[in-house]
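Here is the file query33.csv (CSV, C-alpha atoms and all ligand atoms).
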chain,number,residue,atom,x,y,z
X,248,MET,CA,75.2,87.6,82.7
X,249,LYS,CA,75.6,85.5,79.5
X,250,LEU,CA,79.1,85.7,78.1
X,251,THR,CA,80.3,84.6,74.8
X,252,ILE,CA,84.0,83.7,75.1
X,253,SER,CA,86.0,82.4,72.2
X,254,GLY,CA,89.6,81.5,72.4
X,255,TYR,CA,92.7,79.4,71.9
X,256,SER,CA,95.3,78.6,74.6
X,257,THR,CA,98.1,76.1,74.3
X,258,ALA,CA,101.3,76.7,76.4
X,259,LEU,CA,104.3,77.9,74.4
X,260,PHE,CA,102.3,78.4,71.1
X,261,SER,CA,99.5,80.9,71.5
X,262,THR,CA,96.9,82.2,73.9
X,263,TRP,CA,94.0,84.6,73.5
X,264,TYR,CA,90.4,84.9,74.7
X,265,PHE,CA,87.8,87.1,73.1
X,266,VAL,CA,84.7,88.3,75.1
X,267,HIS,CA,82.3,89.2,72.4
X,268,GLU,CA,79.8,91.2,74.4
X,269,PHE,CA,82.5,93.6,75.5
X,270,GLY,CA,84.8,93.7,72.4
X,271,LEU,CA,87.4,92.6,74.9
X,272,LEU,CA,90.5,90.6,74.1
X,273,PHE,CA,92.7,89.1,76.8
X,274,ASP,CA,96.1,88.4,75.2
X,275,ALA,CA,96.7,88.3,71.5
X,276,GLY,CA,98.7,85.2,70.5
X,277,ASP,CA,99.1,84.0,66.9
X,278,GLY,CA,95.8,83.2,65.1
X,279,VAL,CA,93.5,85.7,66.7
X,280,VAL,CA,92.3,87.3,63.5
X,281,SER,CA,92.6,84.1,61.4
X,282,HIS,CA,90.2,82.4,63.7
X,283,LEU,CA,87.8,85.3,64.5
X,284,LEU,CA,87.8,86.6,60.9
X,285,GLN,CA,85.3,89.5,60.6
X,286,LYS,CA,84.5,89.2,64.3
X,287,SER,CA,88.0,90.5,65.0
X,288,ARG,CA,86.9,93.9,63.8
X,289,LYS,CA,84.8,94.0,67.0
X,290,ILE,CA,87.9,94.0,69.2
X,291,LYS,CA,88.0,97.4,71.0
X,292,HIS,CA,90.0,96.8,74.2
X,293,ILE,CA,93.1,94.6,74.3
X,294,PHE,CA,94.7,93.6,77.6
X,295,ILE,CA,98.0,91.8,77.3
X,296,SER,CA,99.0,89.9,80.4
X,297,HIS,CA,102.8,89.8,79.8
X,298,PRO,CA,105.4,90.0,77.0
X,299,ASP,CA,105.9,86.3,76.3
X,300,ARG,CA,105.7,86.0,72.5
X,301,ASP,CA,102.9,83.4,72.5
X,302,HIS,CA,100.7,86.0,74.1
X,303,LEU,CA,101.3,89.0,71.8
X,304,THR,CA,102.4,88.1,68.3
X,305,GLY,CA,98.9,88.4,66.9
X,306,LEU,CA,98.9,92.1,67.7
X,307,LEU,CA,100.6,93.3,64.5
X,308,GLN,CA,97.9,91.9,62.1
X,309,LEU,CA,95.0,92.6,64.5
X,310,ASN,CA,96.1,96.2,64.9
X,311,GLN,CA,96.6,96.9,61.2
X,312,LEU,CA,93.3,95.3,60.2
X,313,ASN,CA,91.4,97.4,62.8
X,314,ALA,CA,93.3,100.6,62.4
X,315,TYR,CA,91.1,102.3,59.8
X,316,GLU,CA,88.2,103.3,62.0
X,317,ASN,CA,88.3,103.4,65.8
X,318,PRO,CA,91.5,101.4,66.4
X,319,PRO,CA,91.5,99.3,69.5
X,320,THR,CA,93.5,100.4,72.6
X,321,ILE,CA,96.2,98.1,73.7
X,322,TYR,CA,97.0,97.9,77.5
X,323,TYR,CA,100.1,96.2,78.8
X,324,PRO,CA,102.1,95.8,82.0
X,325,LYS,CA,103.8,99.2,82.5
X,326,ASP,CA,107.4,98.1,82.9
X,327,SER,CA,107.6,95.7,80.0
X,328,GLY,CA,109.9,97.2,77.3
X,329,SER,CA,108.6,94.8,74.6
X,330,PHE,CA,105.4,96.8,74.0
X,331,PRO,CA,107.0,100.2,73.3
X,332,ALA,CA,109.4,98.5,71.0
X,333,LEU,CA,106.5,96.7,69.2
X,334,GLU,CA,104.5,99.9,69.1
X,335,GLN,CA,107.3,101.8,67.4
X,336,PHE,CA,107.9,99.0,64.9
X,337,SER,CA,104.2,98.6,64.2
X,338,LYS,CA,103.8,102.3,63.5
X,339,ARG,CA,106.8,102.4,61.1
X,340,PHE,CA,105.8,99.1,59.4
X,341,ASP,CA,102.1,100.1,58.9
X,342,PRO,CA,101.9,103.9,59.0
X,343,HIS,CA,98.1,103.8,58.9
X,344,VAL,CA,98.1,102.5,62.5
X,345,ALA,CA,99.7,105.7,63.8
X,346,GLY,CA,96.4,106.4,65.7
X,347,SER,CA,96.5,103.2,67.7
X,348,ARG,CA,96.9,103.7,71.4
X,349,TRP,CA,99.3,101.7,73.6
X,350,ILE,CA,99.0,102.2,77.3
X,351,GLY,CA,101.1,100.8,80.1
X,352,ILE,CA,99.1,100.0,83.2
X,353,ASP,CA,100.0,99.4,86.8
X,354,ASP,CA,98.9,96.9,89.5
X,355,GLY,CA,95.4,97.8,90.7
X,356,GLN,CA,94.7,100.2,87.8
X,357,GLU,CA,91.1,100.2,86.6
X,358,ILE,CA,90.1,101.0,83.0
X,359,GLU,CA,86.5,101.7,82.2
X,360,ILE,CA,85.7,99.9,78.9
X,361,LYS,CA,82.0,100.7,78.9
X,362,PRO,CA,79.8,102.7,81.3
X,363,GLY,CA,79.6,100.8,84.6
X,364,TYR,CA,82.2,98.1,83.5
X,365,ILE,CA,85.8,98.2,84.4
X,366,VAL,CA,88.8,96.0,83.8
X,367,LYS,CA,91.1,95.9,86.8
X,368,ALA,CA,94.8,94.9,86.5
X,369,ILE,CA,96.2,92.6,89.2
X,370,LYS,CA,99.9,91.9,89.5
X,371,ASN,CA,101.0,88.2,89.4
X,372,GLY,CA,104.2,86.3,89.9
X,373,HIS,CA,104.7,84.7,86.5
X,374,LEU,CA,107.9,86.8,85.9
X,375,PRO,CA,109.4,87.4,89.3
X,376,GLN,CA,110.3,91.1,89.7
X,377,PRO,CA,111.5,93.5,92.4
X,378,ASN,CA,108.7,95.4,94.2
X,379,GLY,CA,106.9,98.0,92.2
X,380,VAL,CA,108.1,96.6,88.8
X,381,ILE,CA,105.1,95.3,86.8
X,382,LYS,CA,105.7,92.9,83.9
X,383,SER,CA,102.9,90.4,84.4
X,384,LEU,CA,99.3,91.0,85.1
X,385,SER,CA,96.0,89.1,85.6
X,386,PHE,CA,92.7,90.9,84.8
X,387,GLN,CA,89.2,91.1,86.2
X,388,LEU,CA,86.1,92.4,84.5
X,389,ILE,CA,83.9,94.1,87.1
X,390,HIS,CA,80.4,95.6,87.0
X,391,VAL,CA,80.3,98.7,89.1
X,392,LYS,CA,76.8,99.7,90.1
X,393,ARG,CA,75.4,102.4,92.4
X,394,LYS,CA,72.6,101.5,94.8
X,395,LEU,CA,70.3,103.8,96.7
X,396,LYS,CA,71.3,104.1,100.4
X,397,PRO,CA,68.8,102.3,102.6
X,398,GLU,CA,67.6,105.5,104.3
X,399,TYR,CA,66.2,106.7,100.9
X,400,LEU,CA,64.6,103.5,99.8
X,401,ASN,CA,61.0,104.5,100.8
X,402,LEU,CA,61.1,108.0,99.3
X,403,PRO,CA,58.9,108.7,96.3
X,404,GLY,CA,60.8,109.0,93.0
X,405,LYS,CA,60.3,112.7,92.7
X,406,GLU,CA,62.0,113.4,96.0
X,407,ILE,CA,64.9,111.1,95.1
X,408,GLN,CA,65.2,113.0,91.9
X,409,GLN,CA,65.4,116.3,93.8
X,410,LEU,CA,68.0,114.9,96.2
X,411,ARG,CA,70.0,113.7,93.3
X,412,GLU,CA,70.0,117.2,91.8
X,413,THR,CA,70.7,119.1,95.0
X,414,GLN,CA,73.2,116.7,96.7
X,415,GLY,CA,74.6,114.7,93.8
X,416,ILE,CA,74.5,111.0,93.1
X,417,ALA,CA,77.4,110.1,95.3
X,418,ALA,CA,75.6,111.4,98.4
X,419,ILE,CA,72.5,109.3,98.1
X,420,THR,CA,74.0,106.0,96.7
X,421,TYR,CA,76.8,103.6,97.5
X,422,GLU,CA,79.0,101.6,95.2
X,423,VAL,CA,78.4,97.8,94.6
X,424,ARG,CA,80.9,95.7,92.7
X,425,GLU,CA,80.2,92.5,90.9
X,426,LYS,CA,83.0,90.5,89.6
X,427,ILE,CA,82.0,89.0,86.2
X,428,LEU,CA,85.0,87.5,84.6
X,429,SER,CA,88.6,86.9,85.8
X,430,TYR,CA,91.5,86.0,83.6
X,431,SER,CA,94.7,84.6,85.3
X,432,GLY,CA,97.1,85.1,82.4
X,433,ASP,CA,100.2,83.0,83.1
X,434,THR,CA,100.8,82.7,86.8
X,435,PRO,CA,101.6,80.4,89.6
X,436,VAL,CA,98.7,79.9,92.1
X,437,GLU,CA,99.8,82.5,94.7
X,438,ASP,CA,97.0,82.7,97.2
X,439,HIS,CA,93.5,81.2,97.7
X,440,GLU,CA,91.8,84.6,98.2
X,441,ARG,CA,92.7,86.1,94.8
X,442,TRP,CA,89.7,84.8,92.9
X,443,LYS,CA,87.1,84.7,95.6
X,444,ASP,CA,83.6,85.3,94.1
X,445,ALA,CA,85.3,85.7,90.8
X,446,GLY,CA,82.3,85.0,88.6
X,447,THR,CA,83.7,83.1,85.6
X,448,LEU,CA,87.3,82.3,86.1
X,449,ILE,CA,89.7,81.6,83.1
X,450,HIS,CA,92.8,80.0,84.7
X,451,GLU,CA,95.9,78.5,83.2
X,452,ALA,CA,96.9,75.0,84.1
X,453,THR,CA,100.1,74.4,82.2
X,454,PHE,CA,101.0,71.2,84.0
X,455,LEU,CA,98.8,68.3,85.2
X,456,ASP,CA,101.1,67.5,88.1
X,457,LYS,CA,103.2,69.6,90.5
X,458,GLY,CA,106.9,69.6,90.0
X,459,GLU,CA,106.7,69.2,86.2
X,460,ASN,CA,107.7,72.8,85.8
X,461,SER,CA,111.5,72.3,86.0
X,462,GLY,CA,113.4,72.7,82.8
X,463,TYR,CA,110.2,73.4,80.8
X,464,GLU,CA,110.8,77.1,80.2
X,465,ILE,CA,114.1,78.7,79.4
X,466,ARG,CA,113.7,81.4,82.0
X,467,GLU,CA,112.3,81.0,85.4
X,468,ASN,CA,108.7,81.8,84.4
X,469,LYS,CA,106.3,80.4,86.9
X,470,HIS,CA,103.1,78.5,86.0
X,471,SER,CA,100.3,76.6,87.7
X,472,SER,CA,99.6,72.9,87.9
X,473,LEU,CA,96.0,71.6,87.6
X,474,GLY,CA,96.0,70.3,91.1
X,475,GLU,CA,97.0,73.7,92.6
X,476,VAL,CA,94.2,75.4,90.5
X,477,MET,CA,91.5,72.9,91.6
X,478,GLU,CA,92.5,73.2,95.2
X,479,MET,CA,92.4,77.0,95.0
X,480,VAL,CA,89.0,77.0,93.1
X,481,ALA,CA,87.5,74.7,95.7
X,482,ALA,CA,88.1,77.5,98.3
X,483,SER,CA,87.1,80.4,96.0
X,484,ASP,CA,83.3,80.4,95.3
X,485,VAL,CA,83.8,80.9,91.5
X,486,GLU,CA,80.7,80.2,89.4
X,487,ARG,CA,82.3,78.4,86.5
X,488,LEU,CA,85.9,77.6,85.5
X,489,ILE,CA,87.6,77.7,82.1
X,490,LEU,CA,90.9,75.9,82.1
X,491,GLY,CA,93.5,76.4,79.3
X,492,HIS,CA,97.2,76.8,78.6
X,493,PHE,CA,97.8,73.1,78.9
X,494,SER,CA,101.1,71.9,77.7
X,495,SER,CA,100.9,70.0,74.3
X,496,ARG,CA,102.8,67.1,75.9
X,497,TYR,CA,99.5,65.8,77.2
X,498,SER,CA,96.7,64.0,75.3
X,499,ASN,CA,93.1,65.3,75.5
X,500,ALA,CA,92.2,62.1,77.3
X,501,GLU,CA,94.9,62.5,79.9
X,502,ILE,CA,93.8,66.1,80.6
X,503,ASP,CA,90.1,65.2,80.9
X,504,ALA,CA,90.8,62.3,83.1
X,505,LYS,CA,92.9,64.4,85.4
X,506,ILE,CA,90.3,67.2,85.6
X,507,HIS,CA,87.7,64.5,86.6
X,508,GLU,CA,90.0,63.0,89.2
X,509,LEU,CA,91.0,66.3,90.8
X,510,SER,CA,87.5,67.8,90.8
X,511,GLN,CA,86.4,64.8,92.8
X,512,GLN,CA,89.4,64.9,95.1
X,513,TYR,CA,88.8,68.6,95.9
X,514,GLY,CA,85.0,68.6,95.7
X,515,VAL,CA,84.8,71.1,92.9
X,516,ASN,CA,81.1,70.9,91.7
X,517,ILE,CA,80.9,74.0,89.5
X,518,PRO,CA,80.7,73.7,85.6
X,519,ILE,CA,84.2,73.1,84.2
X,520,TYR,CA,85.1,74.0,80.6
X,521,ARG,CA,88.5,73.4,79.0
X,522,VAL,CA,90.4,74.6,76.0
X,523,LEU,CA,92.5,71.6,74.9
X,524,PRO,CA,95.9,71.9,73.2
X,525,GLY,CA,95.6,72.9,69.5
X,526,ASP,CA,91.8,73.6,69.7
X,527,PHE,CA,90.2,76.9,68.8
X,528,LEU,CA,86.8,77.1,70.6
X,529,ARG,CA,84.0,79.4,69.5
X,530,ASP,CA,81.8,80.2,72.5
X,531,ILE,CA,83.6,78.1,75.1
X,532,LEU,CA,80.8,78.2,77.6
X,533,THR,CA,78.7,76.3,75.0
X,534,THR,CA,81.3,74.1,73.3
X,535,GLY,CA,84.0,73.5,75.9
X,536,HIS,CA,82.0,71.8,78.6
X,537,LEU,CA,83.6,68.8,80.2
X,538,ALA,CA,81.1,66.0,80.2
X,539,LYS,CA,80.6,64.5,83.7
J,1,ZN,ZN,102.0,81.4,78.1
As a first step, turn the structure in this file into structure tokens.
Amino acid sequence: MKLTISGYSTALFSTWYFVHEFGLLFDAGDGVVSHLLQKSRKIKHIFISHPDRDHLTGLLQLNQLNAYENPPTIYYPKDSGSFPALEQFSKRFDPHVAGSRWIGIDDGQEIEIKPGYIVKAIKNGHLPQPNGVIKSLSFQLIHVKRKLKPEYLNLPGKEIQQLRETQGIAAITYEVREKILSYSGDTPVEDHERWKDAGTLIHEATFLDKGENSGYEIRENKHSSLGEVMEMVAASDVERLILGHFSSRYSNAEIDAKIHELSQQYGVNIPIYRVLPGDFLRDILTTGHLAK
């Protein structure tokens, strides 16, 4: 499926990705509406991965611009107090956004954003928390289809129609799930199974080398290094990889050279795209390709 993904992602400053076909926004850092302009009115479903300010401060303006007709719904990790606080403030500051919906979601929860398409929330370890406390999420866009059970495949259409009416659709079909797009949010690389067959994977790579994490963040927030991501992707059968959230300490040339080096080292032969520090990319899958 052709996806048009536009976005911006630089560690510490701002991160957001917009999937045009689905009116779907992952994170809402500064600059969302100033870059998308009129396109930002198409945003319908906003999934915020965690409460770090560089992932959410675009919400106020985005929300108030879109509040007049069909305001978007904002989903956030259920145990983060920042979002109820911002919701309250936003509704007092701009009374016309009173109708906007803010919904806390749990690990494993699935939200249907359009018939047959769901976004699933997956807990990650960016902000270490006790069991059951959810403050940081990754997301996955999944196409859920129903296929006819093999025993009915040779029946004429009319009989299938009859069975459908008498027994219901669930009795004659089974569910098939196709992962279309996965978004890591901010996260360490936790296991190599997480993004298996993930379709298009948008993953953070804050650091080029392991061990650079120390002292970078004020709190103990956990991030990924490019090497860890490439090693994981090599074992994960993803179709294409979008890398972002690089630290602005690196030059573009350093980042591209390291991606080349590591993709060879780990034998990653899929198309790789990257969102370099400070860059807004419109249609990343066209404009963000890393030349071989
Ligand atoms: Zn971040």
Shell of 8 Å around X:Leu374, all atoms listed in the file, local chain residues under 3 positions omitted, as a PDB file with C-alpha atoms, in the frame of the given file:
ATOM      1  CA  ASN X 371     101.000  88.200  89.400  1.00  0.00           C
ATOM      2  CA  LYS X 382     105.700  92.900  83.900  1.00  0.00           C
ATOM      3  CA  SER X 383     102.900  90.400  84.400  1.00  0.00           C
ATOM      4  CA  GLU X 467     112.300  81.000  85.400  1.00  0.00           C
ATOM      5  CA  ASN X 468     108.700  81.800  84.400  1.00  0.00           C
ATOM      6  CA  LYS X 469     106.300  80.400  86.900  1.00  0.00           C
TER       7      LYS X 469
END
Cut-off 8 Å, all atoms listed in the file, neighbours of ligand ZN 1 (chain J) as a short mmCIF file (atom, residue, chain, number, x, y, z; two decimals) with C-alpha atoms, in the frame of the given file:
data_model
loop_
_atom_site.label_atom_id
_atom_site.label_comp_id
_atom_site.auth_asym_id
_atom_site.auth_seq_id
_atom_site.Cartn_x
_atom_site.Cartn_y
_atom_site.Cartn_z
CA THR X 257 98.10 76.10 74.30
CA ALA X 258 101.30 76.70 76.40
CA LEU X 259 104.30 77.90 74.40
CA PHE X 260 102.30 78.40 71.10
CA SER X 261 99.50 80.90 71.50
CA THR X 262 96.90 82.20 73.90
CA ASP X 299 105.90 86.30 76.30
CA ASP X 301 102.90 83.40 72.50
CA HIS X 302 100.70 86.00 74.10
CA GLY X 432 97.10 85.10 82.40
CA ASP X 433 100.20 83.00 83.10
CA HIS X 492 97.20 76.80 78.60
#
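Nearest to X:His470 of all the residues X:Ser385, X:Ser256, X:Thr434, X:Thr413 is X:Thr434, counting all atoms listed in the file.
In terms of minimum interatomic distance to X:Ser431, X:His297 ranks closest within X:His297, X:His536, X:Lys325, X:His390, counting all atoms listed in the file.
Proximity to X:Leu448 was assessed for X:Ile252, X:Gly363, X:Ala417, X:Ile290 counting all atoms listed in the file; the smallest distance is recorded for X:Ile252.
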- Find the residues near X:Gly351: any atom within 12 Å, counting all atoms listed in the file, skip ones fewer than 6 places away on the same chain, and give them as a PyMOL selection string. chain X and resi 293-297+320-331+334+357-358+368+380-384
Can I get the selection written as a compact mmCIF listing (two decimals), in the frame of the given file, with C-alpha atoms?
# COMPACT_ATOMS: atom_id res chain seq x y z
CA ILE X 293 93.10 94.60 74.30
CA PHE X 294 94.70 93.60 77.60
CA ILE X 295 98.00 91.80 77.30
CA SER X 296 99.00 89.90 80.40
CA HIS X 297 102.80 89.80 79.80
CA THR X 320 93.50 100.40 72.60
CA ILE X 321 96.20 98.10 73.70
CA TYR X 322 97.00 97.90 77.50
CA TYR X 323 100.10 96.20 78.80
CA PRO X 324 102.10 95.80 82.00
CA LYS X 325 103.80 99.20 82.50
CA ASP X 326 107.40 98.10 82.90
CA SER X 327 107.60 95.70 80.00
CA GLY X 328 109.90 97.20 77.30
CA SER X 329 108.60 94.80 74.60
CA PHE X 330 105.40 96.80 74.00
CA PRO X 331 107.00 100.20 73.30
CA GLU X 334 104.50 99.90 69.10
CA GLU X 357 91.10 100.20 86.60
CA ILE X 358 90.10 101.00 83.00
CA ALA X 368 94.80 94.90 86.50
CA VAL X 380 108.10 96.60 88.80
CA ILE X 381 105.10 95.30 86.80
CA LYS X 382 105.70 92.90 83.90
CA SER X 383 102.90 90.40 84.40
CA LEU X 384 99.30 91.00 85.10
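Here atom CA of X:Leu488 and atom CA of X:Gly535 stand 10.6 Å from one another.
Taking atom CA of X:Lys394 and atom CA of X:Lys249 as endpoints, the distance between them is 22.3 Å.
Every protein or nucleic acid residue with an atom no more than 8 Å from X:Lys396, counting all atoms listed in the file and leaving out same-chain residues fewer than 4 positions away, appears here: Leu400, Ile419, Thr420 and Tyr421 of chain X.
Shortest separation to X:Glu440 among X:Arg393, X:Glu478, X:His343, X:Lys505 occurs at residue X:Glu478, atoms counted being only C-alpha atoms.
As for atom CA of X:Val366 and atom CA of X:Gly270, they are spaced 12.3 Å apart.
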Find the axis-aligned box for stretch 392-401 of chain X, covering all its listed atoms and adding 8 Å on each side, and write its centre and edge lengths in Å to one decimal as AutoDock Vina command-line options.
--center_x 68.9 --center_y 103.2 --center_z 97.2 --size_x 31.8 --size_y 23.0 --size_z 30.2
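Across X:Gly346, X:Pro318, X:Gly278, X:Pro298, the tightest approach to X:Ala332 is made by X:Pro298 when counting all atoms listed in the file.
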- Determine the nearest neighbour of X:Ser429 from the options X:Pro375, X:Ala481, X:Ile369, X:Ile352, counting all atoms listed in the file. X:Ile369
- Message: Could you list, as JSON, numbers by chain, every residue within 9 Å of X:Tyr430, counting only C-alpha atoms and ignoring same-chain residues fewer than 3 positions away?
- Response: {"X": [273, 385, 386, 387, 388, 447, 448, 449, 450, 451]}
For the point (93.7, 68.9, 83.7) in the file's frame, write as a PDB file with C-alpha atoms, in the coordinates of the input all residues with an atom no more than 9 Å away, counting only C-alpha atoms.
ATOM      1  CA  ALA X 452      96.900  75.000  84.100  1.00  0.00           C
ATOM      2  CA  THR X 453     100.100  74.400  82.200  1.00  0.00           C
ATOM      3  CA  PHE X 454     101.000  71.200  84.000  1.00  0.00           C
ATOM      4  CA  LEU X 455      98.800  68.300  85.200  1.00  0.00           C
ATOM      5  CA  ASP X 456     101.100  67.500  88.100  1.00  0.00           C
ATOM      6  CA  SER X 472      99.600  72.900  87.900  1.00  0.00           C
ATOM      7  CA  LEU X 473      96.000  71.600  87.600  1.00  0.00           C
ATOM      8  CA  GLY X 474      96.000  70.300  91.100  1.00  0.00           C
ATOM      9  CA  LEU X 490      90.900  75.900  82.100  1.00  0.00           C
ATOM     10  CA  GLY X 491      93.500  76.400  79.300  1.00  0.00           C
ATOM     11  CA  PHE X 493      97.800  73.100  78.900  1.00  0.00           C
ATOM     12  CA  ASN X 499      93.100  65.300  75.500  1.00  0.00           C
ATOM     13  CA  GLU X 501      94.900  62.500  79.900  1.00  0.00           C
ATOM     14  CA  ILE X 502      93.800  66.100  80.600  1.00  0.00           C
ATOM     15  CA  ASP X 503      90.100  65.200  80.900  1.00  0.00           C
ATOM     16  CA  ALA X 504      90.800  62.300  83.100  1.00  0.00           C
ATOM     17  CA  LYS X 505      92.900  64.400  85.400  1.00  0.00           C
ATOM     18  CA  ILE X 506      90.300  67.200  85.600  1.00  0.00           C
ATOM     19  CA  HIS X 507      87.700  64.500  86.600  1.00  0.00           C
ATOM     20  CA  GLU X 508      90.000  63.000  89.200  1.00  0.00           C
ATOM     21  CA  LEU X 509      91.000  66.300  90.800  1.00  0.00           C
ATOM     22  CA  ARG X 521      88.500  73.400  79.000  1.00  0.00           C
TER      23      ARG X 521
END
